[in-house]
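S.K.: Please read through the structure below; I'll follow up with questions.
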Amino acid sequence: MATSTTAKKQKPVAKGDNTQSAAPGVTLTMIRLSDLFPSPTNPRKTFPESALKELSDSIRTNGVINPITVRLTSAGYEVVSGGRRYRASVMAELLEMPCIVRELTDDQVLDIQIEENLHRADVPPLEEAAAFHDLLTSKKLTVGELAGRLNKSESYVLRRLKLTQLHELYVPFVVSGELPTTTAEVISAYPPEIQKKLFKVVTWQSGDKTVFQDSRSVKDKFRWEACTDLKKAMWPLDRAELQPGLPACSACPKNSAVATLLFAEISDEPRCTDKACWRVKESVWKAIALQEWEDLCKRNGQPAMYYDLNYYKDNDQKIVEKILGYSPELLPWRDYDIVDEEDGVPPDAIAVLMVGASTWQNQEKNFTRGWVVKTATKFQQQESDWEMRRINEMDISEDEKQVLRDELTEKRIKQAEENARLRMEKQWRLNAITKNHEVFMAGGTTNEALIELLRLHVRSGLGGYGLRLSWLELFARWAPDWKPTSFAIKVNGEGKDGAANPKWTKGCVSAWMEVLEKKKRKGDYETMDEKAWNSLISTEDKSDFIDTILLDLAPDKVISMFAHISLKDIFERMNNWNSDKYHLEYFTNLCTTTGIDMQTLKPAIEVKEDDYEKGDYEDDDDFDNELDSDEEEESDEE
């Protein structure tokens, strides 16, 4: 670097003849404050006003005891060291102050500033991080060289450098001391978009104050939310061409097993700390694996075989067909077993490319090559019939065994016939829906048809959880006369020799009244109506009861029930999600048609603190943990 202009080229501006001779290239003199300016390369950027005020009062009383160091430039005198004394003198309204003028190169200026500022214990961490970054850039040092020059460990320098990549959401809390530096270092090691996404995962609100979890909790949250286990990667970790310009995963600095200085707590568990990069590599690898497999099979003169890991249609079918341009036939997982190659590959094994893993199972096998074999022969499958095997192993005569075999076979035939009937009825329903849809789309419908459609719609909405919430409201008028057999059997308990008692005894009637009145029995955590619907009434009885009621309902009652279910469903949706999807005009029209004055329903407006914009980040769950306040206090010294 070029040497800056020296003091000999311009006479220092001073009061009287105060210039003193010093070492060659060094002059001690009084210089007007108006001719001084702060050094732009000074690592220290913040100067707390309270500390400056205290120093200013001392200078106003006793003057500047220790001169500051400056160098002469074309813009004036640059304050190389002693920035706090310079600012305190300005605050004390001095006209001039004692300065040591030195001939210094830019490199020498940086060395002095490092010695004066970066070796102090009270340098703010973000300023120290910025200074480290500037030094690496300007002096073209390595992290190891900078660490040796500062007498710091490489891990310390690397963690501080990462703070320059801390997302702006966190910066104010580091400056104020609410977020410990150790915690901020953990956060800054991850990509900025991950930091932004997890901001509300590692914080919670205490009134109007944002509080951070302790360092251990933050590490765990980022470890599980932002990292992916590299053992589950479907691509070879030493493949480097999956992302242009990026190294292979085995040498990537975003691999916790590589960047051990940043991820010491998970360095023994190879994890990818960049999920966005992971998703890109996953997509690229699928295309590469498919193409390479097709090419290999073509060169070997054999068909390209694929093995379904059980979830092909749900997860991989679209992308496979898009890349290959055709729909391959897959070997089903039920009929084939994956060969453990460490035990050797049997001669009847089939070479395949595996596809169709789920997000929680067999991820590491997806789009990888392997071998499969047929699970079992027909004879072996028969032998796996445990019911028949149990009969064959009984210590009874062969005639008695044959009777049991015939009974089991008959039972299975009836079950198969019932399954076939259920499949037929299901297909029958689907055909009816399809045909009616065509009629409705053609516009050839009647009011009677619409009523039947509403009846069907109401029935489809009364299932599972939705039915449990609505059954008493909808059927209370019919429930007193309803006598479900399953309820009687449950209430009466087992009779003589374990026989079921389906009679409606006085105990059943009494228990049923408790159901209708929603009473809660002593020691129970459920009310009787909840208990009846959850465990005391069978699904078959509930279904038959609902069908009987709905099929007999008059058209006006069907419309009323449809309104009840629809409005309740809309209320639940409005109260949870998509509330802004419903335009207010819909409700105004509904109230007008129903005869309700919409204005009487208008609530008073109350502006809450949550209505104000607090930041552009995704909402996640808040977790309550205590703040780790082990960070040492920062103090400003001269």
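Lettering and numbering for the structure tokens are positional, with chains as A, B, ... in the shown order, residues counted from 1 in each chain, and ligands counted from 1 in the shown order.
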Which residues come within 8 Å of Tyr190 in chain A, counting only C-alpha atoms, excluding same-chain residues fewer than 3 positions away, as a list in words?
M.R.: Val186, Ile187, Ile194, Gln195, Ala226, Thr273 and Asp274 of chain A
S.K.: Check the DSSP output for the backbone and give back, as a ChimeraX atom specification, the residues of range 156-262 of chain A in strand (DSSP E or B).
M.R.: /A:203-206,209-212,228-229,255
